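> Compact mmCIF, C-alpha atoms and all ligand atoms, file coords.txt:
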```
# COMPACT_ATOMS: atom_id res chain seq x y z
CA MET T 1 -10.18 24.57 -5.59
CA ALA T 2 -7.90 21.83 -4.26
CA LYS T 3 -6.37 19.64 -6.91
CA ARG T 4 -7.37 15.99 -6.76
CA ILE T 5 -4.92 13.15 -7.28
CA LEU T 6 -5.69 9.46 -7.70
CA VAL T 7 -3.17 7.36 -5.77
CA THR T 8 -3.27 3.67 -6.65
CA GLY T 9 -1.74 1.50 -3.95
CA GLY T 10 -2.17 4.43 -1.57
CA ALA T 11 -2.62 2.15 1.44
CA GLY T 12 0.80 0.58 0.86
CA TYR T 13 4.15 1.52 2.31
CA ILE T 14 5.37 4.26 -0.03
CA GLY T 15 1.82 5.09 -1.13
CA SER T 16 0.60 5.94 2.36
CA HIS T 17 3.55 8.23 3.06
CA THR T 18 2.94 9.96 -0.24
CA VAL T 19 -0.76 10.43 0.52
CA VAL T 20 0.24 12.20 3.76
CA GLU T 21 2.62 14.55 1.95
CA LEU T 22 0.07 15.31 -0.79
CA MET T 23 -2.69 16.08 1.71
CA GLN T 24 -0.36 18.20 3.82
CA GLN T 25 0.37 20.21 0.67
CA GLY T 26 -3.36 20.81 0.19
CA TYR T 27 -4.18 18.14 -2.40
CA GLU T 28 -7.35 16.07 -2.27
CA VAL T 29 -6.56 12.40 -2.60
CA VAL T 30 -8.50 9.37 -3.75
CA VAL T 31 -6.84 6.14 -2.73
CA VAL T 32 -7.55 3.05 -4.80
CA ASP T 33 -6.20 -0.12 -3.25
CA ASN T 34 -7.31 -3.74 -3.22
CA LEU T 35 -5.65 -4.24 0.20
CA SER T 36 -3.83 -7.30 -1.16
CA ASN T 37 -0.67 -6.29 0.69
CA SER T 38 -1.91 -3.51 2.95
CA ASN T 39 -4.35 -2.85 5.72
CA ILE T 40 -7.39 -0.60 5.82
CA ASN T 41 -6.22 0.74 9.21
CA VAL T 42 -3.49 2.62 7.38
CA LEU T 43 -6.19 5.15 6.50
CA ASP T 44 -6.71 5.82 10.21
CA GLY T 45 -3.00 6.49 10.57
CA ILE T 46 -3.12 8.91 7.64
CA ALA T 47 -6.19 10.63 9.09
CA SER T 48 -4.52 11.01 12.51
CA ILE T 49 -1.46 12.61 10.94
CA VAL T 50 -3.22 14.88 8.48
CA GLY T 51 -6.44 15.63 10.35
CA ARG T 52 -8.64 14.43 7.51
CA ARG T 53 -9.23 11.17 5.68
CA PRO T 54 -8.49 10.52 2.03
CA ASP T 55 -11.33 9.10 -0.03
CA PHE T 56 -10.92 5.36 -0.45
CA VAL T 57 -12.10 2.88 -3.06
CA ASN T 58 -11.40 -0.81 -2.54
CA ALA T 59 -10.69 -1.91 -6.08
CA ASP T 60 -8.15 -3.79 -8.16
CA CYS T 61 -6.44 -1.69 -10.81
CA CYS T 62 -6.79 -4.56 -13.27
CA ASP T 63 -10.57 -4.22 -12.96
CA TYR T 64 -11.48 -1.95 -15.86
CA VAL T 65 -15.08 -1.41 -14.80
CA ALA T 66 -14.21 -0.62 -11.19
CA ILE T 67 -11.47 1.83 -12.15
CA ASP T 68 -13.67 3.38 -14.84
CA ASN T 69 -16.18 4.03 -12.07
CA VAL T 70 -13.52 5.82 -10.04
CA PHE T 71 -12.74 8.12 -12.98
CA ARG T 72 -16.48 8.69 -13.52
CA SER T 73 -17.04 9.51 -9.84
CA TYR T 74 -14.15 11.95 -9.66
CA THR T 75 -14.32 14.07 -12.77
CA ASP T 76 -11.80 16.60 -11.43
CA LEU T 77 -8.78 14.29 -11.22
CA CYS T 78 -5.68 16.07 -12.42
CA GLY T 79 -3.14 13.31 -12.03
CA VAL T 80 -2.41 9.74 -11.05
CA ILE T 81 0.39 8.34 -8.92
CA HIS T 82 0.56 4.66 -9.70
CA PHE T 83 2.04 2.55 -6.90
CA ALA T 84 -0.28 -0.45 -7.04
CA ALA T 85 1.90 -3.47 -7.78
CA ALA T 86 3.24 -6.65 -6.29
CA LYS T 87 6.86 -6.21 -5.20
CA ALA T 88 8.41 -9.36 -3.77
CA VAL T 89 11.30 -10.47 -5.94
CA GLY T 90 11.36 -14.09 -4.72
CA GLU T 91 7.60 -14.49 -5.05
CA SER T 92 7.78 -13.14 -8.59
CA VAL T 93 10.11 -15.99 -9.53
CA GLU T 94 7.58 -18.49 -8.10
CA LYS T 95 4.52 -16.82 -9.62
CA PRO T 96 5.66 -14.98 -12.75
CA LEU T 97 2.22 -14.90 -14.35
CA HIS T 98 0.70 -13.27 -11.30
CA TYR T 99 3.35 -10.55 -11.51
CA TYR T 100 2.94 -10.02 -15.25
CA ARG T 101 -0.84 -9.91 -15.03
CA ASN T 102 -1.07 -7.82 -11.89
CA ASN T 103 1.70 -5.30 -12.51
CA ILE T 104 1.28 -4.86 -16.24
CA HIS T 105 -2.46 -5.16 -16.67
CA SER T 106 -3.01 -2.64 -13.87
CA LEU T 107 -0.84 -0.06 -15.59
CA THR T 108 -2.42 -0.56 -19.01
CA THR T 109 -5.87 -0.28 -17.45
CA VAL T 110 -4.97 2.94 -15.68
CA LEU T 111 -3.36 4.42 -18.81
CA GLU T 112 -6.34 3.49 -21.01
CA LEU T 113 -8.75 5.10 -18.57
CA MET T 114 -6.58 8.17 -18.18
CA GLN T 115 -6.76 8.77 -21.92
CA GLU T 116 -10.46 8.03 -21.97
CA HIS T 117 -11.12 10.52 -19.17
CA LYS T 118 -8.49 13.05 -20.26
CA VAL T 119 -6.37 12.79 -17.14
CA ASN T 120 -2.96 13.47 -18.55
CA HIS T 121 -0.35 13.27 -15.78
CA ILE T 122 1.09 10.13 -14.25
CA VAL T 123 3.89 9.43 -11.82
CA PHE T 124 5.12 5.86 -11.99
CA SER T 125 6.97 3.90 -9.27
CA SER T 126 9.98 2.29 -10.82
CA SER T 127 13.08 0.89 -9.21
CA CYS T 128 16.86 0.97 -9.40
CA THR T 129 16.49 -2.72 -10.12
CA VAL T 130 16.30 -1.67 -13.80
CA TYR T 131 20.05 -0.90 -13.68
CA GLY T 132 21.05 -4.35 -12.35
CA GLN T 133 24.70 -4.18 -11.28
CA PRO T 134 25.94 -1.01 -12.97
CA ASP T 135 29.45 -1.12 -14.43
CA ALA T 136 32.14 0.50 -12.25
CA ASP T 137 32.24 3.59 -14.48
CA HIS T 138 28.50 4.07 -13.87
CA LEU T 139 28.73 4.19 -10.06
CA PRO T 140 27.08 6.18 -8.66
CA VAL T 141 24.40 5.40 -11.19
CA ASP T 142 22.69 8.21 -13.07
CA GLU T 143 19.71 8.03 -15.40
CA THR T 144 21.88 7.59 -18.49
CA ALA T 145 23.21 4.24 -17.29
CA PRO T 146 21.91 1.42 -19.47
CA ARG T 147 19.13 -0.77 -18.16
CA LYS T 148 20.31 -4.34 -17.68
CA LYS T 149 18.38 -7.52 -18.36
CA ALA T 150 16.07 -8.01 -15.39
CA LEU T 151 17.00 -10.75 -12.93
CA SER T 152 13.41 -11.47 -11.91
CA PRO T 153 9.85 -11.20 -13.26
CA TYR T 154 9.32 -8.38 -10.76
CA GLY T 155 12.25 -6.41 -12.19
CA ASN T 156 11.07 -7.20 -15.69
CA THR T 157 7.61 -5.75 -14.96
CA LYS T 158 9.27 -2.46 -13.96
CA GLN T 159 11.19 -2.34 -17.25
CA ILE T 160 8.17 -3.33 -19.32
CA ASN T 161 6.00 -0.76 -17.54
CA GLU T 162 8.52 1.99 -18.20
CA ASP T 163 8.41 1.02 -21.90
CA ILE T 164 4.61 0.95 -21.92
CA ILE T 165 4.53 4.51 -20.60
CA ILE T 166 7.02 5.66 -23.23
CA ASP T 167 5.03 4.01 -26.02
CA GLN T 168 1.74 5.43 -24.78
CA ALA T 169 3.24 8.93 -24.50
CA HIS T 170 4.44 8.57 -28.09
CA ALA T 171 0.96 7.62 -29.25
CA TYR T 172 -0.94 10.11 -27.09
CA ASP T 173 0.82 13.43 -27.08
CA LYS T 174 -1.13 14.94 -24.18
CA LEU T 175 0.23 12.38 -21.75
CA HIS T 176 2.98 13.49 -19.41
CA ALA T 177 4.76 11.00 -17.21
CA ILE T 178 7.46 11.07 -14.60
CA ILE T 179 9.15 7.76 -13.89
CA LEU T 180 10.77 7.63 -10.47
CA ARG T 181 13.44 5.01 -9.94
CA TYR T 182 13.64 4.36 -6.23
CA PHE T 183 16.73 3.06 -4.54
CA ASN T 184 16.08 1.33 -1.16
CA PRO T 185 13.21 2.98 0.73
CA ILE T 186 13.37 2.58 4.51
CA GLY T 187 12.01 4.12 7.70
CA ALA T 188 8.58 5.27 8.78
CA HIS T 189 6.68 8.47 9.36
CA PRO T 190 8.11 10.40 12.36
CA SER T 191 4.70 10.14 14.06
CA ALA T 192 5.09 6.31 14.06
CA LEU T 193 1.46 6.16 12.88
CA ILE T 194 2.26 4.68 9.48
CA GLY T 195 5.18 2.56 8.27
CA GLU T 196 6.11 -0.63 6.50
CA LEU T 197 3.90 -3.67 7.16
CA PRO T 198 5.78 -6.68 5.83
CA ASN T 199 3.79 -9.81 5.22
CA GLY T 200 5.24 -12.85 7.04
CA ILE T 201 9.02 -13.14 7.22
CA PRO T 202 10.46 -9.94 5.77
CA ASN T 203 12.70 -10.10 2.71
CA ASN T 204 14.03 -6.58 2.95
CA LEU T 205 16.80 -5.61 5.31
CA LEU T 206 15.21 -2.97 7.52
CA PRO T 207 12.06 -4.84 8.62
CA PHE T 208 14.33 -7.76 9.45
CA VAL T 209 16.59 -5.48 11.48
CA THR T 210 13.74 -3.94 13.49
CA GLN T 211 12.01 -7.29 14.05
CA THR T 212 15.29 -8.73 15.32
CA ALA T 213 15.80 -5.79 17.66
CA ALA T 214 12.22 -6.31 18.89
CA GLY T 215 13.03 -9.95 19.69
CA LEU T 216 10.76 -11.47 17.03
CA ARG T 217 13.76 -12.97 15.24
CA LYS T 218 16.80 -14.50 16.88
CA GLU T 219 19.38 -12.81 14.70
CA LEU T 220 19.88 -10.98 11.47
CA ARG T 221 21.65 -12.93 8.77
CA VAL T 222 24.07 -10.82 6.79
CA PHE T 223 24.12 -12.23 3.29
CA GLY T 224 27.83 -12.36 2.48
CA ASN T 225 30.96 -10.54 3.67
CA ASP T 226 33.15 -11.55 0.75
CA TYR T 227 31.97 -8.97 -1.79
CA ASN T 228 34.38 -6.56 -3.40
CA THR T 229 33.40 -3.70 -1.07
CA PRO T 230 35.36 -2.06 1.78
CA ASP T 231 33.87 -4.30 4.51
CA GLY T 232 32.82 -7.16 2.22
CA SER T 233 29.04 -6.68 2.66
CA CYS T 234 26.72 -5.32 -0.06
CA ILE T 235 26.20 -1.61 -0.52
CA ARG T 236 22.86 0.11 -1.17
CA ASP T 237 21.48 3.62 -1.21
CA TYR T 238 18.93 3.65 1.63
CA ILE T 239 16.46 6.48 1.19
CA TYR T 240 14.03 7.72 3.81
CA VAL T 241 10.45 6.94 2.77
CA VAL T 242 9.27 10.43 3.77
CA ASP T 243 11.92 12.07 1.59
CA LEU T 244 10.85 9.70 -1.18
CA ALA T 245 7.19 10.61 -0.69
CA LYS T 246 8.03 14.31 -1.03
CA ALA T 247 9.59 13.66 -4.42
CA HIS T 248 6.19 12.50 -5.67
CA VAL T 249 4.63 15.82 -4.74
CA LYS T 250 7.44 17.61 -6.59
CA ALA T 251 6.87 15.40 -9.62
CA ILE T 252 3.13 16.08 -9.70
CA GLU T 253 3.74 19.81 -9.24
CA ARG T 254 6.25 19.82 -12.06
CA MET T 255 3.76 18.35 -14.49
CA LEU T 256 0.78 20.40 -13.30
CA SER T 257 2.75 23.62 -13.68
CA ALA T 258 3.80 22.54 -17.19
CA LYS T 259 7.47 22.63 -16.29
CA ALA T 260 8.29 19.18 -17.59
CA GLU T 261 10.64 19.51 -20.52
CA GLU T 262 9.95 16.11 -21.99
CA GLN T 263 6.78 14.08 -22.16
CA VAL T 264 8.41 11.33 -20.16
CA GLU T 265 11.04 12.21 -17.62
CA VAL T 266 13.06 9.80 -15.49
CA PHE T 267 14.58 10.57 -12.10
CA ASN T 268 16.70 8.52 -9.74
CA LEU T 269 15.60 8.91 -6.14
CA GLY T 270 18.40 8.18 -3.74
CA THR T 271 20.68 9.95 -1.31
CA GLY T 272 23.87 9.67 -3.35
CA ARG T 273 25.50 7.75 -0.52
CA GLY T 274 26.01 4.01 -0.33
CA LEU T 275 25.93 2.17 2.99
CA SER T 276 26.95 -1.43 3.56
CA VAL T 277 24.84 -3.93 5.50
CA LEU T 278 27.41 -3.85 8.32
CA GLU T 279 27.29 -0.06 8.40
CA ILE T 280 23.51 -0.18 8.67
CA ILE T 281 23.82 -2.52 11.65
CA ARG T 282 26.30 -0.18 13.37
CA GLU T 283 24.22 2.93 12.60
CA PHE T 284 21.07 1.21 13.85
CA GLU T 285 22.72 0.27 17.14
CA LYS T 286 24.04 3.81 17.52
CA ALA T 287 20.69 5.46 16.73
CA THR T 288 18.53 3.23 18.90
CA GLY T 289 20.81 1.93 21.64
CA GLN T 290 19.55 -1.57 20.76
CA LYS T 291 21.97 -4.46 20.38
CA LEU T 292 21.44 -6.22 17.09
CA PRO T 293 22.52 -9.86 17.09
CA TYR T 294 23.74 -10.90 13.67
CA THR T 295 25.65 -13.61 11.92
CA ILE T 296 27.40 -13.69 8.57
CA VAL T 297 25.97 -16.28 6.19
CA GLY T 298 26.47 -17.04 2.51
CA ARG T 299 25.49 -14.70 -0.30
CA ARG T 300 21.81 -14.42 -1.26
CA GLU T 301 21.19 -15.57 -4.82
CA GLY T 302 20.60 -12.73 -7.22
CA ASP T 303 21.96 -10.01 -4.93
CA ILE T 304 23.73 -7.10 -6.50
CA GLU T 305 27.10 -6.22 -4.97
CA GLN T 306 26.81 -2.47 -4.84
CA VAL T 307 24.59 0.23 -6.19
CA TRP T 308 23.94 3.78 -5.16
CA ALA T 309 22.40 6.74 -6.90
CA ASP T 310 23.65 9.83 -8.54
CA PRO T 311 20.58 11.94 -7.65
CA THR T 312 21.90 15.14 -9.27
CA LYS T 313 19.10 15.26 -11.83
CA ALA T 314 16.38 15.06 -9.18
CA ASN T 315 18.28 17.55 -6.99
CA THR T 316 18.59 20.15 -9.72
CA ILE T 317 15.56 19.64 -11.95
CA LEU T 318 12.94 18.45 -9.45
CA GLY T 319 14.38 20.67 -6.73
CA TRP T 320 14.32 17.76 -4.32
CA LYS T 321 16.93 16.27 -2.05
CA ALA T 322 16.92 13.32 0.35
CA ASP T 323 18.65 14.86 3.31
CA THR T 324 17.26 13.21 6.45
CA PRO T 325 20.21 11.90 8.48
CA ILE T 326 20.47 8.10 8.60
CA HIS T 327 20.31 8.29 12.41
CA ASP T 328 16.80 9.80 12.24
CA VAL T 329 15.74 7.40 9.52
CA LEU T 330 16.76 4.30 11.47
CA LEU T 331 15.23 5.67 14.64
CA SER T 332 11.93 6.20 12.80
CA ALA T 333 11.99 2.55 11.68
CA TRP T 334 12.59 1.43 15.26
CA ASN T 335 9.86 3.70 16.66
CA TRP T 336 7.42 2.22 14.16
CA GLU T 337 8.36 -1.34 15.12
CA LYS T 338 7.88 -0.41 18.79
CA HIS T 339 4.48 1.08 17.97
CA LEU T 340 3.47 -2.15 16.16
CA ARG T 341 4.60 -4.38 19.04
CA ASN T 342 3.50 -2.11 21.89
CA ILE T 343 7.07 -1.86 23.11
CA PRO T 344 7.46 1.12 25.47
C1 LIG V 1 15.26 -5.70 -3.12
C2 LIG V 1 15.00 -6.26 -4.45
C3 LIG V 1 14.81 -5.14 -5.45
C4 LIG V 1 13.64 -4.30 -5.01
C5 LIG V 1 13.92 -3.79 -3.61
C6 LIG V 1 12.69 -3.07 -3.10
C7 LIG V 1 16.17 -8.42 -4.35
C8 LIG V 1 17.30 -9.22 -4.90
N1 LIG V 1 16.09 -7.16 -4.81
O1 LIG V 1 16.44 -4.94 -3.20
O2 LIG V 1 14.58 -5.65 -6.72
O3 LIG V 1 13.47 -3.22 -5.89
O4 LIG V 1 14.19 -4.87 -2.74
O5 LIG V 1 12.89 -2.65 -1.79
O6 LIG V 1 15.39 -8.90 -3.58
N2 LIG V 1 20.19 -8.30 3.51
C9 LIG V 1 20.80 -9.06 4.51
N3 LIG V 1 20.00 -9.78 5.34
C10 LIG V 1 18.63 -9.78 5.25
C11 LIG V 1 18.02 -9.00 4.23
C12 LIG V 1 18.84 -8.28 3.38
O7 LIG V 1 22.03 -9.09 4.63
O8 LIG V 1 17.98 -10.47 6.03
C13 LIG V 1 21.05 -7.50 2.61
C14 LIG V 1 20.93 -7.89 1.15
O9 LIG V 1 21.86 -8.86 0.84
C15 LIG V 1 21.24 -6.55 0.49
C16 LIG V 1 20.73 -5.50 1.47
O10 LIG V 1 20.59 -6.17 2.71
O11 LIG V 1 22.61 -6.39 0.37
C17 LIG V 1 19.39 -4.92 1.08
O12 LIG V 1 18.49 -5.97 0.82
P1 LIG V 1 16.95 -5.71 0.51
O13 LIG V 1 16.38 -4.84 1.55
O14 LIG V 1 16.31 -7.05 0.27
O15 LIG V 1 16.97 -4.84 -0.81
P2 LIG V 1 17.62 -5.14 -2.25
O16 LIG V 1 18.14 -6.51 -2.34
O17 LIG V 1 18.58 -4.05 -2.53
```
Kindly return the structure encoded in the file as structure tokens.


Amino acid sequence: MAKRILVTGGAGYIGSHTVVELMQQGYEVVVVDNLSNSNINVLDGIASIVGRRPDFVNADCCDYVAIDNVFRSYTDLCGVIHFAAAKAVGESVEKPLHYYRNNIHSLTTVLELMQEHKVNHIVFSSSCTVYGQPDADHLPVDETAPRKKALSPYGNTKQINEDIIIDQAHAYDKLHAIILRYFNPIGAHPSALIGELPNGIPNNLLPFVTQTAAGLRKELRVFGNDYNTPDGSCIRDYIYVVDLAKAHVKAIERMLSAKAEEQVEVFNLGTGRGLSVLEIIREFEKATGQKLPYTIVGRREGDIEQVWADPTKANTILGWKADTPIHDVLLSAWNWEKHLRNIP
């Protein structure tokens, strides 16, 4: 019988790509999402790609009764992938309590109900934001690098949630968890049927790039060219969202086949290669043939100068590697933007 996974936030950007990969690997999926930052039509995109629709429950993960009902309705759940969270750094500074309530209460609710219903495997979406700016001797950054004090309530919720999982695993010895620390997810499914749907003016680089190329924005602003990097712009590890999604399937499989060596395991998910903002612009122009107007402006407050992953642990232990060429990744982002805007 197919194994059933509960995916919270499964209508969101990384969630929807993960649902596709799970279903293509034969899993049954129940998506729980309150559609606060996603669109119900995403399920149509998933269904077109996979050929069948995931089950869907419109519910907030902070709603104990609603989520309890999900666990009661699906008594064969064998794991949870918990994406549901708010993720805008700037907004989290404006509305810290919303972030603490939403991101933390949802996880505690899910963990409580998992114990109650004896569902003992969870994959948690964390972020490289927990490392802050790693010291030079920790670049590329591996999982042993110390976590730094969070620069925003959003980042703090990731750290707190990691700690909550560790504490719960300590108290409840049947729980197994895999914490995935994502670097910078970009791109869209190669079908261009699902992708990132930023709300309003995008904060993240790639949606801004594709919207500029599509003519929605006059120019991209590059935040700073006076950093201590080869071309002066910031460096990140941009990871293809489909590669990232596949890591979640590996993580679930690892726990279900009882291969996890520790109750809580942590993996960095990145490519191992850092690219600067200016390199991304050049690569985007090369991949798509689109001219990208840009201007250099001052630094963005709170930006980290450079961070990229040492993904060796995920490569060797999870048996996963992010190996899609950046050309294909950027082209997928552009094809998705064209799909959204009906650009031929
Ligand atoms: C941001 C968050 C991080 C979160 C991640 C999720 C901040 C400070 N950090 O990471 O906590 O986990 O998103 O995806 O918001 N850039 C420009 N022009 C733009 C937009 C971005 O030059 O219009 C540059 C930024 O300065 C940065 C790079 O592009 O160097 C990537 O920015 P972004 O996509 O916002 O990601 P992060 O800042 O790395």

> Can you work out which one of T:Asn204, T:Asn161, T:Asn39, T:Thr75 has the shortest atom-to-atom distance to Lys3 (chain T), counting only C-alpha atoms?

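Answer, going by the shortest atom-to-atom distance: T:Thr75.
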
> Between CA of Asn225 (chain T) and CA of Phe284 (chain T), what is the distance in Å, rounded to a tenth?

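So the two atoms, CA of Asn225 (chain T) and CA of Phe284 (chain T), lie 18.4 Å apart.
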
> Which protein, DNA or RNA residues have an atom within 9 Å of ligand LIG 1 (chain V), counting all atoms listed in the file, as number ranges by chain?

T: 87-90, 126-130, 132, 151-152, 154-155, 182-186, 202-209, 220-224, 233-238, 276-278, 280, 296-297, 299-307

> Kindly indicate which residue among T:Ala309, T:Leu331, T:Ala47, T:Ala314 lies nearest to Gly289 (chain T), using all atoms listed in the file for the distances.

T:Leu331

> Find the distance between CA of His105 (chain T) and CA of Phe83 (chain T) and write it in Å to one decimal.

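Atom-to-atom, CA of His105 (chain T) to CA of Phe83 (chain T), that is 13.2 Å.
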
> Could you pull the residues within 12 Å of Ile317 (chain T), counting all atoms listed in the file, minus those fewer than 2 positions along the same chain, as a list in words?

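Close residues of Ile317 (chain T): Ala247, Lys250, Ala251, Arg254, Lys259, Ala260, Glu261, Glu265, Val266, Phe267, Asn268, Pro311, Thr312, Lys313, Ala314, Asn315, Gly319, Trp320 and Lys321 of chain T.
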
> State, in Å with one decimal place, the distance from CA of Asn335 (chain T) to CA of Gln290 (chain T).

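Result for CA of Asn335 (chain T) versus CA of Gln290 (chain T): 11.8 Å, one decimal.
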
> Name the residues in contact with Asp135 (chain T) at a cut-off of 10 Å, using all atoms listed in the file, excluding same-chain residues fewer than 5 positions from it; report them as a PyMOL selection string.

chain T and resi 140-141+145-146+307

> Using only C-alpha atoms, determine which residues lie at most 10 Å from Ser191 (chain T), disregarding the query and same-chain residues fewer than 2 positions distant; provide the list as a PyMOL selection string.

chain T and resi 45+48-49+188-189+193-195+332+335-336+339

> For Ser257 (chain T), which residue out of T:Tyr172, T:Gln159, T:Gly79, T:Tyr100 is the nearest one, using all atoms listed in the file?

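Checking each candidate against Ser257 (chain T), we get T:Gly79 as the closest.
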
> Using all atoms listed in the file, pick whichever of T:Leu139, T:Leu330, T:Ala66, T:Ala213 has the shortest atom-to-atom distance to Gly272 (chain T).

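Under the stated criterion, the closest residue is T:Leu139.
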
> Please provide the set of residues having any atom within 10 Å of Val57 (chain T), restricted to all atoms listed in the file, with same-chain residues fewer than 4 positions apart removed, written as a PyMOL selection string.

chain T and resi 8+30-34+66-67+69-70

> With all atoms listed in the file counted and 12 Å as the cut-off, give the residues of region 50-131 of chain T in contact with region 16-21 of chain T, each with its shortest interatomic distance in Å and the pair that gives it, as a Markdown table.


```
| residue | atom | partner | partner_atom | distance |
| --- | --- | --- | --- | --- |
| T:Val50 | CA | T:Val20 | CA | 6.4 |
| T:Gly51 | CA | T:Val20 | CA | 10.0 |
| T:Arg52 | CA | T:Val20 | CA | 9.9 |
| T:Arg53 | CA | T:Val20 | CA | 9.7 |
| T:Pro54 | CA | T:Val19 | CA | 7.9 |
| T:Asp55 | CA | T:Val19 | CA | 10.7 |
| T:Phe56 | CA | T:Val19 | CA | 11.4 |
| T:Val80 | CA | T:Val19 | CA | 11.7 |
| T:Ile81 | CA | T:Thr18 | CA | 9.2 |
| T:His82 | CA | T:Thr18 | CA | 11.1 |
| T:Phe83 | CA | T:Ser16 | CA | 10.0 |
| T:Ala84 | CA | T:Ser16 | CA | 11.4 |
| T:Val123 | CA | T:Thr18 | CA | 11.6 |
| T:Ser125 | CA | T:Thr18 | CA | 11.6 |
```
